[in-house]
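Visitor: This is input-v6.pdb, which holds PDB, N, CA and C atoms:
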```pdb
ATOM      1  N   MET A1495      19.513-142.060 -56.319
ATOM      2  CA  MET A1495      20.122-142.631 -55.146
ATOM      3  C   MET A1495      21.438-141.887 -54.870
ATOM      4  N   SER A1496      21.648-141.451 -53.658
ATOM      5  CA  SER A1496      22.849-140.704 -53.300
ATOM      6  C   SER A1496      23.942-141.666 -52.829
ATOM      7  N   SER A1497      25.178-141.188 -52.943
ATOM      8  CA  SER A1497      26.286-142.024 -52.503
ATOM      9  C   SER A1497      26.376-141.969 -50.978
ATOM     10  N   PRO A1498      26.944-143.019 -50.383
ATOM     11  CA  PRO A1498      27.035-143.039 -48.921
ATOM     12  C   PRO A1498      27.974-141.943 -48.428
ATOM     13  N   ARG A1499      27.666-141.381 -47.277
ATOM     14  CA  ARG A1499      28.492-140.334 -46.685
ATOM     15  C   ARG A1499      29.738-140.977 -46.062
ATOM     16  N   PRO A1500      30.896-140.350 -46.228
ATOM     17  CA  PRO A1500      32.098-140.916 -45.608
ATOM     18  C   PRO A1500      32.016-140.793 -44.087
ATOM     19  N   ASP A1501      32.563-141.785 -43.412
ATOM     20  CA  ASP A1501      32.538-141.707 -41.951
ATOM     21  C   ASP A1501      33.618-140.742 -41.461
ATOM     22  N   SER A1502      33.628-140.442 -40.185
ATOM     23  CA  SER A1502      34.538-139.426 -39.647
ATOM     24  C   SER A1502      36.007-139.835 -39.782
ATOM     25  N   ASP A1503      36.290-141.148 -39.728
ATOM     26  CA  ASP A1503      37.677-141.598 -39.921
ATOM     27  C   ASP A1503      38.148-141.294 -41.339
ATOM     28  N   ASP A1504      37.281-141.524 -42.320
ATOM     29  CA  ASP A1504      37.631-141.226 -43.709
ATOM     30  C   ASP A1504      37.882-139.735 -43.894
ATOM     31  N   VAL A1505      37.043-138.921 -43.306
ATOM     32  CA  VAL A1505      37.196-137.465 -43.414
ATOM     33  C   VAL A1505      38.506-137.037 -42.768
ATOM     34  N   ALA A1506      38.816-137.587 -41.608
ATOM     35  CA  ALA A1506      40.053-137.243 -40.912
ATOM     36  C   ALA A1506      41.268-137.660 -41.747
ATOM     37  N   ARG A1507      41.222-138.833 -42.366
ATOM     38  CA  ARG A1507      42.332-139.298 -43.206
ATOM     39  C   ARG A1507      42.509-138.395 -44.422
ATOM     40  N   ILE A1508      41.400-138.012 -45.025
ATOM     41  CA  ILE A1508      41.454-137.117 -46.191
ATOM     42  C   ILE A1508      42.080-135.777 -45.798
ATOM     43  N   GLU A1509      41.664-135.239 -44.688
ATOM     44  CA  GLU A1509      42.216-133.960 -44.228
ATOM     45  C   GLU A1509      43.705-134.091 -43.896
ATOM     46  N   ALA A1510      44.086-135.201 -43.300
ATOM     47  CA  ALA A1510      45.499-135.425 -42.986
ATOM     48  C   ALA A1510      46.318-135.521 -44.276
ATOM     49  N   LEU A1511      45.791-136.205 -45.274
ATOM     50  CA  LEU A1511      46.491-136.314 -46.553
ATOM     51  C   LEU A1511      46.596-134.956 -47.243
ATOM     52  N   ARG A1512      45.549-134.166 -47.158
ATOM     53  CA  ARG A1512      45.590-132.816 -47.750
ATOM     54  C   ARG A1512      46.642-131.957 -47.048
ATOM     55  N   ALA A1513      46.706-132.052 -45.733
ATOM     56  CA  ALA A1513      47.697-131.288 -44.977
ATOM     57  C   ALA A1513      49.116-131.737 -45.357
ATOM     58  N   GLU A1514      49.313-133.019 -45.483
ATOM     59  CA  GLU A1514      50.620-133.546 -45.876
ATOM     60  C   GLU A1514      50.986-133.086 -47.283
ATOM     61  N   LEU A1515      50.018-133.075 -48.176
ATOM     62  CA  LEU A1515      50.258-132.609 -49.538
ATOM     63  C   LEU A1515      50.663-131.135 -49.544
ATOM     64  N   ARG A1516      49.988-130.310 -48.745
ATOM     65  CA  ARG A1516      50.364-128.893 -48.646
ATOM     66  C   ARG A1516      51.786-128.748 -48.109
ATOM     67  N   ARG A1517      52.127-129.526 -47.090
ATOM     68  CA  ARG A1517      53.462-129.475 -46.511
ATOM     69  C   ARG A1517      54.520-129.868 -47.544
ATOM     70  N   LEU A1518      54.253-130.939 -48.279
ATOM     71  CA  LEU A1518      55.214-131.405 -49.273
ATOM     72  C   LEU A1518      55.358-130.414 -50.425
ATOM     73  N   ARG A1519      54.270-129.790 -50.833
ATOM     74  CA  ARG A1519      54.356-128.767 -51.882
ATOM     75  C   ARG A1519      55.221-127.597 -51.411
ATOM     76  N   GLY A1520      55.062-127.213 -50.157
ATOM     77  CA  GLY A1520      55.902-126.159 -49.595
ATOM     78  C   GLY A1520      57.360-126.558 -49.572
ATOM     79  N   GLU A1521      57.626-127.800 -49.225
ATOM     80  CA  GLU A1521      58.992-128.309 -49.201
ATOM     81  C   GLU A1521      59.595-128.295 -50.602
ATOM     82  N   VAL A1522      58.818-128.684 -51.608
ATOM     83  CA  VAL A1522      59.304-128.659 -52.990
ATOM     84  C   VAL A1522      59.649-127.223 -53.396
ATOM     85  N   LEU A1523      58.794-126.277 -53.062
ATOM     86  CA  LEU A1523      59.070-124.876 -53.391
ATOM     87  C   LEU A1523      60.358-124.400 -52.710
ATOM     88  N   ARG A1524      60.547-124.768 -51.452
ATOM     89  CA  ARG A1524      61.760-124.382 -50.731
ATOM     90  C   ARG A1524      62.996-124.993 -51.385
ATOM     91  N   LEU A1525      62.919-126.275 -51.748
ATOM     92  CA  LEU A1525      64.051-126.943 -52.389
ATOM     93  C   LEU A1525      64.352-126.347 -53.762
ATOM     94  N   GLU A1526      63.314-125.980 -54.503
ATOM     95  CA  GLU A1526      63.531-125.343 -55.804
ATOM     96  C   GLU A1526      64.236-124.001 -55.635
ATOM     97  N   GLU A1527      63.865-123.246 -54.622
ATOM     98  CA  GLU A1527      64.518-121.969 -54.344
ATOM     99  C   GLU A1527      65.967-122.200 -53.919
ATOM    100  N   ASP A1528      66.210-123.178 -53.060
ATOM    101  CA  ASP A1528      67.585-123.515 -52.658
ATOM    102  C   ASP A1528      68.420-123.887 -53.884
ATOM    103  N   ASN A1529      67.845-124.661 -54.777
ATOM    104  CA  ASN A1529      68.533-125.081 -55.989
ATOM    105  C   ASN A1529      68.887-123.864 -56.845
ATOM    106  N   ARG A1530      67.962-122.929 -56.987
ATOM    107  CA  ARG A1530      68.203-121.725 -57.772
ATOM    108  C   ARG A1530      69.362-120.919 -57.172
ATOM    109  N   VAL A1531      69.344-120.753 -55.855
ATOM    110  CA  VAL A1531      70.400-119.996 -55.182
ATOM    111  C   VAL A1531      71.754-120.685 -55.355
ATOM    112  N   LEU A1532      71.788-121.992 -55.207
ATOM    113  CA  LEU A1532      73.040-122.727 -55.365
ATOM    114  C   LEU A1532      73.579-122.641 -56.787
ATOM    115  N   ARG A1533      72.690-122.698 -57.760
ATOM    116  CA  ARG A1533      73.126-122.568 -59.160
ATOM    117  C   ARG A1533      73.705-121.185 -59.425
ATOM    118  N   GLU A1534      73.102-120.154 -58.827
ATOM    119  CA  GLU A1534      73.641-118.803 -58.967
ATOM    120  C   GLU A1534      75.032-118.716 -58.328
ATOM    121  N   ARG A1535      75.191-119.324 -57.165
ATOM    122  CA  ARG A1535      76.496-119.309 -56.489
ATOM    123  C   ARG A1535      77.545-120.032 -57.317
ATOM    124  N   ILE A1536      77.181-121.172 -57.898
ATOM    125  CA  ILE A1536      78.114-121.921 -58.745
ATOM    126  C   ILE A1536      78.530-121.076 -59.943
ATOM    127  N   ALA A1537      77.558-120.432 -60.590
ATOM    128  CA  ALA A1537      77.868-119.592 -61.754
ATOM    129  C   ALA A1537      78.816-118.463 -61.354
ATOM    130  N   PHE A1538      78.585-117.852 -60.200
ATOM    131  CA  PHE A1538      79.459-116.789 -59.718
ATOM    132  C   PHE A1538      80.870-117.317 -59.487
ATOM    133  N   LEU A1539      80.983-118.469 -58.820
ATOM    134  CA  LEU A1539      82.295-119.033 -58.529
ATOM    135  C   LEU A1539      83.032-119.456 -59.798
ATOM    136  N   VAL A1540      82.314-119.985 -60.767
ATOM    137  CA  VAL A1540      82.939-120.353 -62.048
ATOM    138  C   VAL A1540      83.487-119.096 -62.720
ATOM    139  N   HIS A1541      82.701-118.031 -62.700
ATOM    140  CA  HIS A1541      83.144-116.764 -63.283
ATOM    141  C   HIS A1541      84.397-116.246 -62.562
ATOM    142  N   GLU A1542      84.381-116.285 -61.240
ATOM    143  CA  GLU A1542      85.541-115.840 -60.458
ATOM    144  C   GLU A1542      86.774-116.692 -60.777
ATOM    145  N   LEU A1543      86.593-117.990 -60.889
ATOM    146  CA  LEU A1543      87.702-118.883 -61.214
ATOM    147  C   LEU A1543      88.264-118.573 -62.592
ATOM    148  N   GLU A1544      87.393-118.352 -63.563
ATOM    149  CA  GLU A1544      87.842-118.019 -64.910
ATOM    150  C   GLU A1544      88.624-116.707 -64.910
ATOM    151  N   GLN A1545      88.150-115.718 -64.159
ATOM    152  CA  GLN A1545      88.875-114.448 -64.084
ATOM    153  C   GLN A1545      90.231-114.634 -63.418
ATOM    154  N   THR A1546      90.271-115.416 -62.368
ATOM    155  CA  THR A1546      91.532-115.675 -61.675
ATOM    156  C   THR A1546      92.515-116.372 -62.604
ATOM    157  N   ARG A1547      92.049-117.376 -63.313
ATOM    158  CA  ARG A1547      92.925-118.093 -64.246
ATOM    159  C   ARG A1547      93.419-117.164 -65.351
ATOM    160  N   ALA A1548      92.558-116.270 -65.828
ATOM    161  CA  ALA A1548      92.946-115.353 -66.901
ATOM    162  C   ALA A1548      94.020-114.378 -66.426
ATOM    163  N   ASN A1549      94.081-114.112 -65.131
ATOM    164  CA  ASN A1549      95.045-113.155 -64.596
ATOM    165  C   ASN A1549      96.355-113.794 -64.152
ATOM    166  N   ILE A1550      96.473-115.112 -64.250
ATOM    167  CA  ILE A1550      97.717-115.795 -63.891
ATOM    168  C   ILE A1550      98.639-115.737 -65.103
ATOM    169  N   PRO A1551      99.830-115.177 -64.925
ATOM    170  CA  PRO A1551     100.769-115.106 -66.058
ATOM    171  C   PRO A1551     101.114-116.509 -66.564
ATOM    172  N   ARG A1552     101.272-116.612 -67.867
ATOM    173  CA  ARG A1552     101.642-117.909 -68.446
ATOM    174  C   ARG A1552     103.028-118.304 -67.936
ATOM    175  N   GLY A1553     103.231-119.583 -67.781
ATOM    176  CA  GLY A1553     104.510-120.077 -67.300
ATOM    177  C   GLY A1553     104.508-120.333 -65.803
ATOM    178  N   ILE A1554     103.545-119.771 -65.107
ATOM    179  CA  ILE A1554     103.429-120.046 -63.676
ATOM    180  C   ILE A1554     102.464-121.211 -63.531
ATOM    181  N   SER A1555     102.944-122.268 -62.931
ATOM    182  CA  SER A1555     102.066-123.425 -62.782
ATOM    183  C   SER A1555     101.300-123.316 -61.478
ATOM    184  N   THR A1556     100.092-123.768 -61.518
ATOM    185  CA  THR A1556      99.278-123.816 -60.307
ATOM    186  C   THR A1556      99.296-125.244 -59.790
ATOM    187  N   PRO A1557      99.132-125.432 -58.478
ATOM    188  CA  PRO A1557      99.173-126.794 -57.937
ATOM    189  C   PRO A1557      98.049-127.647 -58.518
ATOM    190  N   ARG A1558      98.416-128.888 -58.816
ATOM    191  CA  ARG A1558      97.381-129.836 -59.252
ATOM    192  C   ARG A1558      96.539-130.208 -58.059
ATOM    193  N   ARG A1559      95.335-130.593 -58.304
ATOM    194  CA  ARG A1559      94.408-130.978 -57.233
ATOM    195  C   ARG A1559      94.115-132.464 -57.299
ATOM    196  N   THR A1560      93.995-133.051 -56.123
ATOM    197  CA  THR A1560      93.581-134.460 -56.053
ATOM    198  C   THR A1560      92.064-134.497 -56.071
ATOM    199  N   ARG A1561      91.507-135.672 -56.053
ATOM    200  CA  ARG A1561      90.045-135.806 -56.078
ATOM    201  C   ARG A1561      89.390-135.151 -54.880
ATOM    202  N   CYS A1562      90.076-135.111 -53.759
ATOM    203  CA  CYS A1562      89.462-134.523 -52.554
ATOM    204  C   CYS A1562      89.676-133.013 -52.517
ATOM    205  N   GLY A1563      90.412-132.449 -53.493
ATOM    206  CA  GLY A1563      90.591-131.009 -53.557
ATOM    207  C   GLY A1563      91.874-130.510 -52.945
ATOM    208  N   ALA A1564      92.674-131.407 -52.352
ATOM    209  CA  ALA A1564      93.925-130.986 -51.729
ATOM    210  C   ALA A1564      94.996-130.861 -52.786
ATOM    211  N   GLY A1565      95.865-129.873 -52.649
ATOM    212  CA  GLY A1565      96.980-129.720 -53.584
ATOM    213  C   GLY A1565      98.007-130.805 -53.368
ATOM    214  N   ILE A1566      98.703-131.153 -54.444
ATOM    215  CA  ILE A1566      99.779-132.156 -54.315
ATOM    216  C   ILE A1566     101.077-131.561 -54.775
TER     217      ILE A1566
END
```
Show me the file's structure as structure tokens.
Guide:
Amino acid sequence: MSSPRPDSDDVARIEALRAELRRLRGEVLRLEEDNRVLRERIAFLVHELEQTRANIPRGISTPRRTRCGAGI
């Protein structure tokens, strides 16, 4: 005995879900790439900050920062 054939509405829903799944997988890949790029930028900026701090002569104070990043 064979299983019943899905009706056209079921087929359309399945295809719509497959299309949505493909779209979401693409979005995940894009977000993962964005995350990788941002992590590289952060690493670069941390390195630049460390180099800048290493080149500041001792005894010279730098402005303290508030939580919002503004100097006080």
Visitor: How many Å separate atom C of Asp1501 of chain A from atom N of Arg1516 of chain A?
Guide: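 Going from atom C of Asp1501 of chain A over to atom N of Arg1516 of chain A, I get 20.7 Å.
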Visitor: Could you work out how far atom C of Glu1534 of chain A lies from atom C of Pro1551 of chain A, giving the answer in Å with one decimal?
Guide: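 Distance between the two atoms: 27.4 Å.
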Visitor: Kindly give the distance, in Å, that separates atom C of Val1531 of chain A and atom C of Leu1515 of chain A, rounded to a single decimal.
Guide: 24.2 Å
Visitor: As a PDB file with N, CA and C atoms, in the coordinates of the input, which residues of chain A does DSSP assign to alpha helix (DSSP H)?
Guide:
```
ATOM      1  N   SER A1502      33.628-140.442 -40.185  1.00  0.00           N
ATOM      2  CA  SER A1502      34.538-139.426 -39.647  1.00  0.00           C
ATOM      3  C   SER A1502      36.007-139.835 -39.782  1.00  0.00           C
ATOM      4  N   ASP A1503      36.290-141.148 -39.728  1.00  0.00           N
ATOM      5  CA  ASP A1503      37.677-141.598 -39.921  1.00  0.00           C
ATOM      6  C   ASP A1503      38.148-141.294 -41.339  1.00  0.00           C
ATOM      7  N   ASP A1504      37.281-141.524 -42.320  1.00  0.00           N
ATOM      8  CA  ASP A1504      37.631-141.226 -43.709  1.00  0.00           C
ATOM      9  C   ASP A1504      37.882-139.735 -43.894  1.00  0.00           C
ATOM     10  N   VAL A1505      37.043-138.921 -43.306  1.00  0.00           N
ATOM     11  CA  VAL A1505      37.196-137.465 -43.414  1.00  0.00           C
ATOM     12  C   VAL A1505      38.506-137.037 -42.768  1.00  0.00           C
ATOM     13  N   ALA A1506      38.816-137.587 -41.608  1.00  0.00           N
ATOM     14  CA  ALA A1506      40.053-137.243 -40.912  1.00  0.00           C
ATOM     15  C   ALA A1506      41.268-137.660 -41.747  1.00  0.00           C
ATOM     16  N   ARG A1507      41.222-138.833 -42.366  1.00  0.00           N
ATOM     17  CA  ARG A1507      42.332-139.298 -43.206  1.00  0.00           C
ATOM     18  C   ARG A1507      42.509-138.395 -44.422  1.00  0.00           C
ATOM     19  N   ILE A1508      41.400-138.012 -45.025  1.00  0.00           N
ATOM     20  CA  ILE A1508      41.454-137.117 -46.191  1.00  0.00           C
ATOM     21  C   ILE A1508      42.080-135.777 -45.798  1.00  0.00           C
ATOM     22  N   GLU A1509      41.664-135.239 -44.688  1.00  0.00           N
ATOM     23  CA  GLU A1509      42.216-133.960 -44.228  1.00  0.00           C
ATOM     24  C   GLU A1509      43.705-134.091 -43.896  1.00  0.00           C
ATOM     25  N   ALA A1510      44.086-135.201 -43.300  1.00  0.00           N
ATOM     26  CA  ALA A1510      45.499-135.425 -42.986  1.00  0.00           C
ATOM     27  C   ALA A1510      46.318-135.521 -44.276  1.00  0.00           C
ATOM     28  N   LEU A1511      45.791-136.205 -45.274  1.00  0.00           N
ATOM     29  CA  LEU A1511      46.491-136.314 -46.553  1.00  0.00           C
ATOM     30  C   LEU A1511      46.596-134.956 -47.243  1.00  0.00           C
ATOM     31  N   ARG A1512      45.549-134.166 -47.158  1.00  0.00           N
ATOM     32  CA  ARG A1512      45.590-132.816 -47.750  1.00  0.00           C
ATOM     33  C   ARG A1512      46.642-131.957 -47.048  1.00  0.00           C
ATOM     34  N   ALA A1513      46.706-132.052 -45.733  1.00  0.00           N
ATOM     35  CA  ALA A1513      47.697-131.288 -44.977  1.00  0.00           C
ATOM     36  C   ALA A1513      49.116-131.737 -45.357  1.00  0.00           C
ATOM     37  N   GLU A1514      49.313-133.019 -45.483  1.00  0.00           N
ATOM     38  CA  GLU A1514      50.620-133.546 -45.876  1.00  0.00           C
ATOM     39  C   GLU A1514      50.986-133.086 -47.283  1.00  0.00           C
ATOM     40  N   LEU A1515      50.018-133.075 -48.176  1.00  0.00           N
ATOM     41  CA  LEU A1515      50.258-132.609 -49.538  1.00  0.00           C
ATOM     42  C   LEU A1515      50.663-131.135 -49.544  1.00  0.00           C
ATOM     43  N   ARG A1516      49.988-130.310 -48.745  1.00  0.00           N
ATOM     44  CA  ARG A1516      50.364-128.893 -48.646  1.00  0.00           C
ATOM     45  C   ARG A1516      51.786-128.748 -48.109  1.00  0.00           C
ATOM     46  N   ARG A1517      52.127-129.526 -47.090  1.00  0.00           N
ATOM     47  CA  ARG A1517      53.462-129.475 -46.511  1.00  0.00           C
ATOM     48  C   ARG A1517      54.520-129.868 -47.544  1.00  0.00           C
ATOM     49  N   LEU A1518      54.253-130.939 -48.279  1.00  0.00           N
ATOM     50  CA  LEU A1518      55.214-131.405 -49.273  1.00  0.00           C
ATOM     51  C   LEU A1518      55.358-130.414 -50.425  1.00  0.00           C
ATOM     52  N   ARG A1519      54.270-129.790 -50.833  1.00  0.00           N
ATOM     53  CA  ARG A1519      54.356-128.767 -51.882  1.00  0.00           C
ATOM     54  C   ARG A1519      55.221-127.597 -51.411  1.00  0.00           C
ATOM     55  N   GLY A1520      55.062-127.213 -50.157  1.00  0.00           N
ATOM     56  CA  GLY A1520      55.902-126.159 -49.595  1.00  0.00           C
ATOM     57  C   GLY A1520      57.360-126.558 -49.572  1.00  0.00           C
ATOM     58  N   GLU A1521      57.626-127.800 -49.225  1.00  0.00           N
ATOM     59  CA  GLU A1521      58.992-128.309 -49.201  1.00  0.00           C
ATOM     60  C   GLU A1521      59.595-128.295 -50.602  1.00  0.00           C
ATOM     61  N   VAL A1522      58.818-128.684 -51.608  1.00  0.00           N
ATOM     62  CA  VAL A1522      59.304-128.659 -52.990  1.00  0.00           C
ATOM     63  C   VAL A1522      59.649-127.223 -53.396  1.00  0.00           C
ATOM     64  N   LEU A1523      58.794-126.277 -53.062  1.00  0.00           N
ATOM     65  CA  LEU A1523      59.070-124.876 -53.391  1.00  0.00           C
ATOM     66  C   LEU A1523      60.358-124.400 -52.710  1.00  0.00           C
ATOM     67  N   ARG A1524      60.547-124.768 -51.452  1.00  0.00           N
ATOM     68  CA  ARG A1524      61.760-124.382 -50.731  1.00  0.00           C
ATOM     69  C   ARG A1524      62.996-124.993 -51.385  1.00  0.00           C
ATOM     70  N   LEU A1525      62.919-126.275 -51.748  1.00  0.00           N
ATOM     71  CA  LEU A1525      64.051-126.943 -52.389  1.00  0.00           C
ATOM     72  C   LEU A1525      64.352-126.347 -53.762  1.00  0.00           C
ATOM     73  N   GLU A1526      63.314-125.980 -54.503  1.00  0.00           N
ATOM     74  CA  GLU A1526      63.531-125.343 -55.804  1.00  0.00           C
ATOM     75  C   GLU A1526      64.236-124.001 -55.635  1.00  0.00           C
ATOM     76  N   GLU A1527      63.865-123.246 -54.622  1.00  0.00           N
ATOM     77  CA  GLU A1527      64.518-121.969 -54.344  1.00  0.00           C
ATOM     78  C   GLU A1527      65.967-122.200 -53.919  1.00  0.00           C
ATOM     79  N   ASP A1528      66.210-123.178 -53.060  1.00  0.00           N
ATOM     80  CA  ASP A1528      67.585-123.515 -52.658  1.00  0.00           C
ATOM     81  C   ASP A1528      68.420-123.887 -53.884  1.00  0.00           C
ATOM     82  N   ASN A1529      67.845-124.661 -54.777  1.00  0.00           N
ATOM     83  CA  ASN A1529      68.533-125.081 -55.989  1.00  0.00           C
ATOM     84  C   ASN A1529      68.887-123.864 -56.845  1.00  0.00           C
ATOM     85  N   ARG A1530      67.962-122.929 -56.987  1.00  0.00           N
ATOM     86  CA  ARG A1530      68.203-121.725 -57.772  1.00  0.00           C
ATOM     87  C   ARG A1530      69.362-120.919 -57.172  1.00  0.00           C
ATOM     88  N   VAL A1531      69.344-120.753 -55.855  1.00  0.00           N
ATOM     89  CA  VAL A1531      70.400-119.996 -55.182  1.00  0.00           C
ATOM     90  C   VAL A1531      71.754-120.685 -55.355  1.00  0.00           C
ATOM     91  N   LEU A1532      71.788-121.992 -55.207  1.00  0.00           N
ATOM     92  CA  LEU A1532      73.040-122.727 -55.365  1.00  0.00           C
ATOM     93  C   LEU A1532      73.579-122.641 -56.787  1.00  0.00           C
ATOM     94  N   ARG A1533      72.690-122.698 -57.760  1.00  0.00           N
ATOM     95  CA  ARG A1533      73.126-122.568 -59.160  1.00  0.00           C
ATOM     96  C   ARG A1533      73.705-121.185 -59.425  1.00  0.00           C
ATOM     97  N   GLU A1534      73.102-120.154 -58.827  1.00  0.00           N
ATOM     98  CA  GLU A1534      73.641-118.803 -58.967  1.00  0.00           C
ATOM     99  C   GLU A1534      75.032-118.716 -58.328  1.00  0.00           C
ATOM    100  N   ARG A1535      75.191-119.324 -57.165  1.00  0.00           N
ATOM    101  CA  ARG A1535      76.496-119.309 -56.489  1.00  0.00           C
ATOM    102  C   ARG A1535      77.545-120.032 -57.317  1.00  0.00           C
ATOM    103  N   ILE A1536      77.181-121.172 -57.898  1.00  0.00           N
ATOM    104  CA  ILE A1536      78.114-121.921 -58.745  1.00  0.00           C
ATOM    105  C   ILE A1536      78.530-121.076 -59.943  1.00  0.00           C
ATOM    106  N   ALA A1537      77.558-120.432 -60.590  1.00  0.00           N
ATOM    107  CA  ALA A1537      77.868-119.592 -61.754  1.00  0.00           C
ATOM    108  C   ALA A1537      78.816-118.463 -61.354  1.00  0.00           C
ATOM    109  N   PHE A1538      78.585-117.852 -60.200  1.00  0.00           N
ATOM    110  CA  PHE A1538      79.459-116.789 -59.718  1.00  0.00           C
ATOM    111  C   PHE A1538      80.870-117.317 -59.487  1.00  0.00           C
ATOM    112  N   LEU A1539      80.983-118.469 -58.820  1.00  0.00           N
ATOM    113  CA  LEU A1539      82.295-119.033 -58.529  1.00  0.00           C
ATOM    114  C   LEU A1539      83.032-119.456 -59.798  1.00  0.00           C
ATOM    115  N   VAL A1540      82.314-119.985 -60.767  1.00  0.00           N
ATOM    116  CA  VAL A1540      82.939-120.353 -62.048  1.00  0.00           C
ATOM    117  C   VAL A1540      83.487-119.096 -62.720  1.00  0.00           C
ATOM    118  N   HIS A1541      82.701-118.031 -62.700  1.00  0.00           N
ATOM    119  CA  HIS A1541      83.144-116.764 -63.283  1.00  0.00           C
ATOM    120  C   HIS A1541      84.397-116.246 -62.562  1.00  0.00           C
ATOM    121  N   GLU A1542      84.381-116.285 -61.240  1.00  0.00           N
ATOM    122  CA  GLU A1542      85.541-115.840 -60.458  1.00  0.00           C
ATOM    123  C   GLU A1542      86.774-116.692 -60.777  1.00  0.00           C
ATOM    124  N   LEU A1543      86.593-117.990 -60.889  1.00  0.00           N
ATOM    125  CA  LEU A1543      87.702-118.883 -61.214  1.00  0.00           C
ATOM    126  C   LEU A1543      88.264-118.573 -62.592  1.00  0.00           C
ATOM    127  N   GLU A1544      87.393-118.352 -63.563  1.00  0.00           N
ATOM    128  CA  GLU A1544      87.842-118.019 -64.910  1.00  0.00           C
ATOM    129  C   GLU A1544      88.624-116.707 -64.910  1.00  0.00           C
ATOM    130  N   GLN A1545      88.150-115.718 -64.159  1.00  0.00           N
ATOM    131  CA  GLN A1545      88.875-114.448 -64.084  1.00  0.00           C
ATOM    132  C   GLN A1545      90.231-114.634 -63.418  1.00  0.00           C
ATOM    133  N   THR A1546      90.271-115.416 -62.368  1.00  0.00           N
ATOM    134  CA  THR A1546      91.532-115.675 -61.675  1.00  0.00           C
ATOM    135  C   THR A1546      92.515-116.372 -62.604  1.00  0.00           C
ATOM    136  N   ARG A1547      92.049-117.376 -63.313  1.00  0.00           N
ATOM    137  CA  ARG A1547      92.925-118.093 -64.246  1.00  0.00           C
ATOM    138  C   ARG A1547      93.419-117.164 -65.351  1.00  0.00           C
ATOM    139  N   ALA A1548      92.558-116.270 -65.828  1.00  0.00           N
ATOM    140  CA  ALA A1548      92.946-115.353 -66.901  1.00  0.00           C
ATOM    141  C   ALA A1548      94.020-114.378 -66.426  1.00  0.00           C
TER     142      ALA A1548
END
```
